Amino acid sequence: MYIEELKPGVLRVSASADWPKPYVGVCGSIHGDEPCGADAIRRIADAFENGELQPAKGTIVLIHANPEATSQGRRNTAEGDDLNRLWDFEFTETLRQEVWGYEHHRALELKEVLGELDVFLDLHSAGTATPPFGISNGEAPIDDIAKRVNISFLVQSWYGLADKVIIGFLKLAGVPALSVECGAHGDPGISDAAHRIAMNFLRVTGAIDDGTEANGTEVRTVHVIETITKPSEEFGFGSPWTGFQQLEPGTLVGRDRVTEIRVSRPCYAVLPNEGVEVGDDVIYLAVDT
Ligand SMILES: [Zn+2]
C-alpha cells in the first residue's frame, strides 16, 4: 500500500505505486466549525496507515479542506472567507491578491487536485438537528451512489448556490459530486455518522472492499424551491424548526415586525438557522420530486 501527502492536508492512498484511476475523493471540514469531516478522514487515514484497511482499486484522495479554520474552530478563518462560496473563482478578477485570505489561496491550491477526481464526497454538519441528507450535483451516477451511503434525503437541485459551492465547480469539470450534511455540529455521534457515510461511499465506489455491504436505506428525493434570507435582526421562526420537518400549508415559517412568511404548499424545512446574519440564508424550503 502506498500513502503520500500530495499537498498540505491532502493524502492519496493506493495499492499501486503508479496511482491508477479512478480517483475517488473524500473531503471534510471545508467549514472549520464542522470537525466531523476531518475526524472521519483522519480515522480512515489511520486505518490505512496501521493496515486495518486496504485500498481495492484506483486511488483514494483524502482532503482536509480547511485545516486553518478547523484549528481556529471557526466556519472560516478570521481574515478569510467561506471556502464553500469561492468556487466560481470570481475573486481572482474582483479582489486584489493582497486582500485574499487563507481560503482564497486554499481554493486555488485544491483546484487542480479536485479537477482530476472521478467522483467526490464532501462532508458537513449543520447548525440545527437534521437527518443526514445529501446534495447532488446531478452528474451521473452520483444519485445512484448517494442512495447507498446511508442518508435519508437527497436534494437534487439547489440552483441558488450552484456556481459558488465546491460541487458546482465539480459539475463544470464533469465530476459526479455529493455534499452530505451528516447531522448537527453538536450531535455526540456526528463524527461516527460522517465516518459511516464516508466508508459507505468508498465501498459503493469500489475504492475499498472490506467485506461489509454498504447498507442503503430508503432515500426520499427533493428539490429546494425557495431560499429565504433573513430580512431583519428581529426576524424569528414561527417554531424552532429542525431539518426536514414537514410544514403544512399556512404554517408560519417566521416573522419580524412587518413581514410574515407562510408556506402555501406542503414542504420541508431545510437547514433552518435563525442565528445567521441579516441577508444570509435563514432557511430553505424543499418539496418532494
Ligand atoms: Zn458546511
# chains A, B, ... in the order shown; residues from 1 in each chain; ligands from 1
>>> residues_around(residues="A:Arg148", least_positions_apart="6", cutoff="9 Å", atoms="only C-alpha atoms", output="ChimeraX atom specification")
/A:200-201,204,214-219
>>> write_last_selection(atoms="N, CA and C atoms", output="PDB file, in the first residue's frame")
ATOM      1  N   ASN A 200     -19.124   4.050   3.534  1.00  0.00           N
ATOM      2  CA  ASN A 200     -20.080   3.538   2.554  1.00  0.00           C
ATOM      3  C   ASN A 200     -19.767   4.065   1.155  1.00  0.00           C
ATOM      4  N   PHE A 201     -19.393   5.337   1.081  1.00  0.00           N
ATOM      5  CA  PHE A 201     -19.042   5.934  -0.216  1.00  0.00           C
ATOM      6  C   PHE A 201     -17.839   5.200  -0.834  1.00  0.00           C
ATOM      7  N   VAL A 204     -19.166   1.765  -2.034  1.00  0.00           N
ATOM      8  CA  VAL A 204     -20.040   1.831  -3.207  1.00  0.00           C
ATOM      9  C   VAL A 204     -19.243   2.161  -4.464  1.00  0.00           C
ATOM     10  N   ALA A 214     -22.391  -1.836   1.787  1.00  0.00           N
ATOM     11  CA  ALA A 214     -22.961  -0.513   2.063  1.00  0.00           C
ATOM     12  C   ALA A 214     -24.470  -0.700   2.161  1.00  0.00           C
ATOM     13  N   ASN A 215     -25.022  -0.373   3.340  1.00  0.00           N
ATOM     14  CA  ASN A 215     -26.440  -0.646   3.547  1.00  0.00           C
ATOM     15  C   ASN A 215     -27.298   0.558   3.206  1.00  0.00           C
ATOM     16  N   GLY A 216     -27.891   0.520   2.050  1.00  0.00           N
ATOM     17  CA  GLY A 216     -28.771   1.609   1.632  1.00  0.00           C
ATOM     18  C   GLY A 216     -30.042   1.623   2.457  1.00  0.00           C
ATOM     19  N   THR A 217     -30.565   2.817   2.681  1.00  0.00           N
ATOM     20  CA  THR A 217     -31.853   2.948   3.354  1.00  0.00           C
ATOM     21  C   THR A 217     -32.797   3.593   2.352  1.00  0.00           C
ATOM     22  N   GLU A 218     -34.045   3.758   2.736  1.00  0.00           N
ATOM     23  CA  GLU A 218     -34.956   4.427   1.821  1.00  0.00           C
ATOM     24  C   GLU A 218     -34.609   5.912   1.763  1.00  0.00           C
ATOM     25  N   VAL A 219     -34.400   6.420   0.558  1.00  0.00           N
ATOM     26  CA  VAL A 219     -33.996   7.816   0.388  1.00  0.00           C
ATOM     27  C   VAL A 219     -35.082   8.563  -0.375  1.00  0.00           C
TER      28      VAL A 219
END
>>> closest_atom_pairs(of="chain A", to="ligand 1", cutoff="9 Å", atoms="only C-alpha atoms and all ligand atoms", output="JSON lines")
{"residue": "A:Gly28", "atom": "CA", "partner": "ligand 1", "partner_atom_place_in_ligand_line": "1 (Zn)", "distance": 8.9}
{"residue": "A:Ser29", "atom": "CA", "partner": "ligand 1", "partner_atom_place_in_ligand_line": "1 (Zn)", "distance": 7.1}
{"residue": "A:Ile30", "atom": "CA", "partner": "ligand 1", "partner_atom_place_in_ligand_line": "1 (Zn)", "distance": 6.5}
{"residue": "A:His31", "atom": "CA", "partner": "ligand 1", "partner_atom_place_in_ligand_line": "1 (Zn)", "distance": 5.0}
{"residue": "A:Gly32", "atom": "CA", "partner": "ligand 1", "partner_atom_place_in_ligand_line": "1 (Zn)", "distance": 8.2}
{"residue": "A:Asp33", "atom": "CA", "partner": "ligand 1", "partner_atom_place_in_ligand_line": "1 (Zn)", "distance": 8.0}
{"residue": "A:Glu34", "atom": "CA", "partner": "ligand 1", "partner_atom_place_in_ligand_line": "1 (Zn)", "distance": 6.4}
{"residue": "A:Arg75", "atom": "CA", "partner": "ligand 1", "partner_atom_place_in_ligand_line": "1 (Zn)", "distance": 7.7}
{"residue": "A:Asn84", "atom": "CA", "partner": "ligand 1", "partner_atom_place_in_ligand_line": "1 (Zn)", "distance": 7.6}
{"residue": "A:Asp122", "atom": "CA", "partner": "ligand 1", "partner_atom_place_in_ligand_line": "1 (Zn)", "distance": 9.0}
{"residue": "A:Leu123", "atom": "CA", "partner": "ligand 1", "partner_atom_place_in_ligand_line": "1 (Zn)", "distance": 7.5}
{"residue": "A:His124", "atom": "CA", "partner": "ligand 1", "partner_atom_place_in_ligand_line": "1 (Zn)", "distance": 4.4}
{"residue": "A:Ser125", "atom": "CA", "partner": "ligand 1", "partner_atom_place_in_ligand_line": "1 (Zn)", "distance": 5.7}
{"residue": "A:Ala126", "atom": "CA", "partner": "ligand 1", "partner_atom_place_in_ligand_line": "1 (Zn)", "distance": 6.6}
{"residue": "A:Ser179", "atom": "CA", "partner": "ligand 1", "partner_atom_place_in_ligand_line": "1 (Zn)", "distance": 8.9}
{"residue": "A:Val180", "atom": "CA", "partner": "ligand 1", "partner_atom_place_in_ligand_line": "1 (Zn)", "distance": 8.9}
{"residue": "A:Glu181", "atom": "CA", "partner": "ligand 1", "partner_atom_place_in_ligand_line": "1 (Zn)", "distance": 7.4}
>>> write_last_selection(atoms="C-alpha atoms", output="mmCIF file, in the first residue's frame")
data_model
loop_
_atom_site.group_PDB
_atom_site.id
_atom_site.type_symbol
_atom_site.label_atom_id
_atom_site.label_comp_id
_atom_site.auth_asym_id
_atom_site.auth_seq_id
_atom_site.Cartn_x
_atom_site.Cartn_y
_atom_site.Cartn_z
ATOM 1 C CA GLY A 28 -14.117 17.098 5.059
ATOM 2 C CA SER A 29 -14.222 20.287 7.107
ATOM 3 C CA ILE A 30 -14.393 22.828 4.295
ATOM 4 C CA HIS A 31 -16.062 24.689 7.184
ATOM 5 C CA GLY A 32 -13.812 24.752 10.242
ATOM 6 C CA ASP A 33 -16.652 24.589 12.785
ATOM 7 C CA GLU A 34 -17.711 21.225 11.293
ATOM 8 C CA ARG A 75 -16.519 28.409 9.782
ATOM 9 C CA ASN A 84 -17.599 26.855 0.102
ATOM 10 C CA ASP A 122 -17.869 16.357 0.778
ATOM 11 C CA LEU A 123 -18.814 16.041 4.480
ATOM 12 C CA HIS A 124 -20.571 18.768 6.501
ATOM 13 C CA SER A 125 -22.599 19.262 9.675
ATOM 14 C CA ALA A 126 -25.428 21.722 10.334
ATOM 15 C CA SER A 179 -22.188 17.076 -0.347
ATOM 16 C CA VAL A 180 -23.646 15.443 2.773
ATOM 17 C CA GLU A 181 -24.954 17.168 5.892
#
>>> residues_around(residues="A:Leu121", least_positions_apart="3", cutoff="6 Å", atoms="only C-alpha atoms", output="JSON, numbers by chain")
{"A": [26, 177, 178, 179]}
>>> write_last_selection(atoms="N, CA and C atoms", output="JSON list (two decimals), in the first residue's frame")
[["chain", "number", "residue", "atom", "x", "y", "z"],
["A", 26, "VAL", "N", -12.57, 12.08, -1.02],
["A", 26, "VAL", "CA", -13.42, 12.33, 0.16],
["A", 26, "VAL", "C", -12.86, 13.57, 0.85],
["A", 177, "ALA", "N", -20.49, 14.56, -7.96],
["A", 177, "ALA", "CA", -20.11, 15.03, -6.62],
["A", 177, "ALA", "C", -21.32, 15.17, -5.72],
["A", 178, "LEU", "N", -21.09, 14.89, -4.44],
["A", 178, "LEU", "CA", -22.15, 14.87, -3.45],
["A", 178, "LEU", "C", -21.66, 15.56, -2.18],
["A", 179, "SER", "N", -22.45, 16.53, -1.68],
["A", 179, "SER", "CA", -22.19, 17.08, -0.35],
["A", 179, "SER", "C", -23.18, 16.41, 0.60]]
>>> residues_around(residues="A:Leu108", least_positions_apart="2", cutoff="10 Å", atoms="only C-alpha atoms", output="PyMOL selection string")
chain A and resi 86-87+89+92+103-106+110-113
>>> write_last_selection(atoms="N, CA and C atoms", output="CSV table (one decimal), in the first residue's frame")
chain,number,residue,atom,x,y,z
A,86,LEU,N,-16.5,30.1,-2.9
A,86,LEU,CA,-15.4,30.7,-3.7
A,86,LEU,C,-15.2,30.0,-5.0
A,87,TRP,N,-16.0,28.9,-5.3
A,87,TRP,CA,-15.6,28.0,-6.4
A,87,TRP,C,-15.9,28.5,-7.8
A,89,PHE,N,-14.5,31.2,-8.5
A,89,PHE,CA,-13.2,31.9,-8.7
A,89,PHE,C,-13.3,33.3,-9.2
A,92,THR,N,-10.7,36.0,-8.2
A,92,THR,CA,-9.4,36.2,-8.9
A,92,THR,C,-9.4,37.4,-9.8
A,103,GLU,N,-8.5,31.2,2.7
A,103,GLU,CA,-9.4,30.4,1.9
A,103,GLU,C,-9.2,30.7,0.4
A,104,HIS,N,-8.9,31.9,0.0
A,104,HIS,CA,-8.8,32.2,-1.4
A,104,HIS,C,-7.6,31.4,-2.0
A,105,HIS,N,-6.5,31.5,-1.2
A,105,HIS,CA,-5.3,30.7,-1.7
A,105,HIS,C,-5.6,29.2,-1.6
A,106,ARG,N,-6.3,28.8,-0.6
A,106,ARG,CA,-6.6,27.3,-0.5
A,106,ARG,C,-7.5,26.8,-1.6
A,110,LEU,N,-6.4,23.7,-4.1
A,110,LEU,CA,-7.1,22.5,-4.2
A,110,LEU,C,-7.7,22.3,-5.6
A,111,LYS,N,-7.8,23.3,-6.4
A,111,LYS,CA,-8.5,23.3,-7.7
A,111,LYS,C,-8.0,22.1,-8.6
A,112,GLU,N,-6.6,22.1,-8.7
A,112,GLU,CA,-6.1,21.1,-9.6
A,112,GLU,C,-6.4,19.6,-9.1
A,113,VAL,N,-6.2,19.4,-7.8
A,113,VAL,CA,-6.5,18.1,-7.2
A,113,VAL,C,-7.9,17.7,-7.5
>>> select_by_dssp(residues="stretch 11-197 of chain A", states="helix (DSSP H, G or I)", output="count of residues only")
67
>>> residues_around(residues="A:Asp118", least_positions_apart="2", cutoff="12 Å", atoms="only C-alpha atoms", output="number ranges by chain")
A: 20-26, 58-61, 113-116, 120-121, 139-142, 170-171, 173-177, 205, 207
>>> write_last_selection(atoms="C-alpha atoms", output="PDB file, in the first residue's frame")
ATOM      1  CA  PRO A  20      -4.075   4.417 -11.043  1.00  0.00           C
ATOM      2  CA  LYS A  21      -7.503   5.842 -11.922  1.00  0.00           C
ATOM      3  CA  PRO A  22     -10.252   6.112 -10.850  1.00  0.00           C
ATOM      4  CA  TYR A  23      -9.517   8.857  -8.315  1.00  0.00           C
ATOM      5  CA  VAL A  24     -12.092   8.742  -5.512  1.00  0.00           C
ATOM      6  CA  GLY A  25     -12.102  11.925  -3.399  1.00  0.00           C
ATOM      7  CA  VAL A  26     -13.418  12.326   0.158  1.00  0.00           C
ATOM      8  CA  GLY A  58      -7.798   3.132  -8.105  1.00  0.00           C
ATOM      9  CA  THR A  59      -6.556   5.899  -5.844  1.00  0.00           C
ATOM     10  CA  ILE A  60      -8.290   7.381  -2.801  1.00  0.00           C
ATOM     11  CA  VAL A  61      -7.723  11.084  -2.194  1.00  0.00           C
ATOM     12  CA  VAL A 113      -6.469  18.080  -7.224  1.00  0.00           C
ATOM     13  CA  LEU A 114     -10.254  18.311  -7.468  1.00  0.00           C
ATOM     14  CA  GLY A 115     -10.377  18.657 -11.244  1.00  0.00           C
ATOM     15  CA  GLU A 116      -8.621  15.305 -11.657  1.00  0.00           C
ATOM     16  CA  PHE A 120     -16.291  13.148  -4.933  1.00  0.00           C
ATOM     17  CA  LEU A 121     -17.868  13.259  -1.462  1.00  0.00           C
ATOM     18  CA  GLU A 139     -23.624  14.330 -12.729  1.00  0.00           C
ATOM     19  CA  ALA A 140     -24.364  10.626 -13.336  1.00  0.00           C
ATOM     20  CA  PRO A 141     -24.005   8.303 -11.497  1.00  0.00           C
ATOM     21  CA  ILE A 142     -23.898  10.362  -8.286  1.00  0.00           C
ATOM     22  CA  LEU A 170     -17.006  19.857  -9.966  1.00  0.00           C
ATOM     23  CA  LYS A 171     -20.143  19.802 -12.103  1.00  0.00           C
ATOM     24  CA  ALA A 173     -15.466  19.785 -14.523  1.00  0.00           C
ATOM     25  CA  GLY A 174     -17.881  16.878 -15.221  1.00  0.00           C
ATOM     26  CA  VAL A 175     -17.120  15.163 -11.886  1.00  0.00           C
ATOM     27  CA  PRO A 176     -20.037  13.421 -10.091  1.00  0.00           C
ATOM     28  CA  ALA A 177     -20.107  15.027  -6.623  1.00  0.00           C
ATOM     29  CA  THR A 205     -17.400   3.354  -5.497  1.00  0.00           C
ATOM     30  CA  ALA A 207     -12.328   2.101  -3.661  1.00  0.00           C
TER      31      ALA A 207
END
>>> atom_distance(atom1="atom CA of A:Arg12", atom2="atom CA of A:Ala45")
9.3 Å
>>> residues_around(residues="A:Glu277", least_positions_apart="2", cutoff="8 Å", atoms="only C-alpha atoms", output="list in words")
Lys230, Glu233, Gly275, Gly279 and Asp280 of chain A
>>> atom_distance(atom1="atom CA of A:Ile197", atom2="atom CA of A:Val276")
27.3 Å
>>> residues_around(residues="A:Val282", least_positions_apart="3", cutoff="10 Å", atoms="only C-alpha atoms", output="number ranges by chain")
A: 227-231, 235-237, 254, 270-279
>>> write_last_selection(atoms="N, CA and C atoms", output="PDB file, in the first residue's frame")
ATOM      1  N   THR A 227     -35.418  29.855  -1.294  1.00  0.00           N
ATOM      2  CA  THR A 227     -34.343  30.256  -0.378  1.00  0.00           C
ATOM      3  C   THR A 227     -34.816  31.510   0.325  1.00  0.00           C
ATOM      4  N   ILE A 228     -34.877  31.475   1.650  1.00  0.00           N
ATOM      5  CA  ILE A 228     -35.342  32.650   2.392  1.00  0.00           C
ATOM      6  C   ILE A 228     -34.160  33.263   3.116  1.00  0.00           C
ATOM      7  N   THR A 229     -33.902  34.544   2.857  1.00  0.00           N
ATOM      8  CA  THR A 229     -32.808  35.235   3.536  1.00  0.00           C
ATOM      9  C   THR A 229     -33.379  35.991   4.732  1.00  0.00           C
ATOM     10  N   LYS A 230     -32.553  36.179   5.736  1.00  0.00           N
ATOM     11  CA  LYS A 230     -33.019  36.820   6.963  1.00  0.00           C
ATOM     12  C   LYS A 230     -33.283  38.304   6.686  1.00  0.00           C
ATOM     13  N   PRO A 231     -34.552  38.740   6.832  1.00  0.00           N
ATOM     14  CA  PRO A 231     -34.883  40.114   6.436  1.00  0.00           C
ATOM     15  C   PRO A 231     -34.456  41.171   7.449  1.00  0.00           C
ATOM     16  N   PHE A 235     -36.192  39.197  12.960  1.00  0.00           N
ATOM     17  CA  PHE A 235     -36.830  38.017  12.375  1.00  0.00           C
ATOM     18  C   PHE A 235     -36.623  36.788  13.258  1.00  0.00           C
ATOM     19  N   GLY A 236     -37.730  36.074  13.511  1.00  0.00           N
ATOM     20  CA  GLY A 236     -37.645  34.832  14.269  1.00  0.00           C
ATOM     21  C   GLY A 236     -38.566  33.782  13.664  1.00  0.00           C
ATOM     22  N   PHE A 237     -38.223  32.520  13.859  1.00  0.00           N
ATOM     23  CA  PHE A 237     -39.043  31.425  13.324  1.00  0.00           C
ATOM     24  C   PHE A 237     -40.380  31.328  14.075  1.00  0.00           C
ATOM     25  N   GLY A 254     -41.766  32.201   9.669  1.00  0.00           N
ATOM     26  CA  GLY A 254     -41.113  33.172  10.547  1.00  0.00           C
ATOM     27  C   GLY A 254     -41.688  34.554  10.316  1.00  0.00           C
ATOM     28  N   VAL A 270     -35.424  23.040   5.421  1.00  0.00           N
ATOM     29  CA  VAL A 270     -34.070  22.540   5.205  1.00  0.00           C
ATOM     30  C   VAL A 270     -33.054  23.536   5.785  1.00  0.00           C
ATOM     31  N   LEU A 271     -32.127  23.031   6.597  1.00  0.00           N
ATOM     32  CA  LEU A 271     -31.061  23.828   7.221  1.00  0.00           C
ATOM     33  C   LEU A 271     -31.574  25.110   7.873  1.00  0.00           C
ATOM     34  N   PRO A 272     -32.622  25.022   8.716  1.00  0.00           N
ATOM     35  CA  PRO A 272     -33.078  26.235   9.408  1.00  0.00           C
ATOM     36  C   PRO A 272     -31.980  26.745  10.332  1.00  0.00           C
ATOM     37  N   ASN A 273     -31.692  28.036  10.274  1.00  0.00           N
ATOM     38  CA  ASN A 273     -30.651  28.601  11.144  1.00  0.00           C
ATOM     39  C   ASN A 273     -30.971  30.068  11.429  1.00  0.00           C
ATOM     40  N   GLU A 274     -31.685  30.282  12.542  1.00  0.00           N
ATOM     41  CA  GLU A 274     -32.139  31.617  12.928  1.00  0.00           C
ATOM     42  C   GLU A 274     -30.976  32.555  13.224  1.00  0.00           C
ATOM     43  N   GLY A 275     -29.833  31.982  13.565  1.00  0.00           N
ATOM     44  CA  GLY A 275     -28.705  32.779  14.048  1.00  0.00           C
ATOM     45  C   GLY A 275     -27.855  33.435  12.964  1.00  0.00           C
ATOM     46  N   VAL A 276     -28.223  33.280  11.675  1.00  0.00           N
ATOM     47  CA  VAL A 276     -27.365  33.844  10.622  1.00  0.00           C
ATOM     48  C   VAL A 276     -27.466  35.374  10.608  1.00  0.00           C
ATOM     49  N   GLU A 277     -26.533  36.002   9.894  1.00  0.00           N
ATOM     50  CA  GLU A 277     -26.541  37.462   9.740  1.00  0.00           C
ATOM     51  C   GLU A 277     -27.712  37.875   8.855  1.00  0.00           C
ATOM     52  N   VAL A 278     -28.189  39.108   9.032  1.00  0.00           N
ATOM     53  CA  VAL A 278     -29.222  39.666   8.151  1.00  0.00           C
ATOM     54  C   VAL A 278     -28.713  39.604   6.703  1.00  0.00           C
ATOM     55  N   GLY A 279     -29.578  39.118   5.807  1.00  0.00           N
ATOM     56  CA  GLY A 279     -29.188  38.989   4.396  1.00  0.00           C
ATOM     57  C   GLY A 279     -28.670  37.605   4.044  1.00  0.00           C
TER      58      GLY A 279
END
>>> atom_distance(atom1="atom CA of A:Ser136", atom2="atom CA of A:Ser152")
13.3 Å
>>> closest_residue(among="A:Ser232, A:Asn150, A:Ser239, A:Ser71", to="A:Asp256", atoms="only C-alpha atoms")
A:Ser232
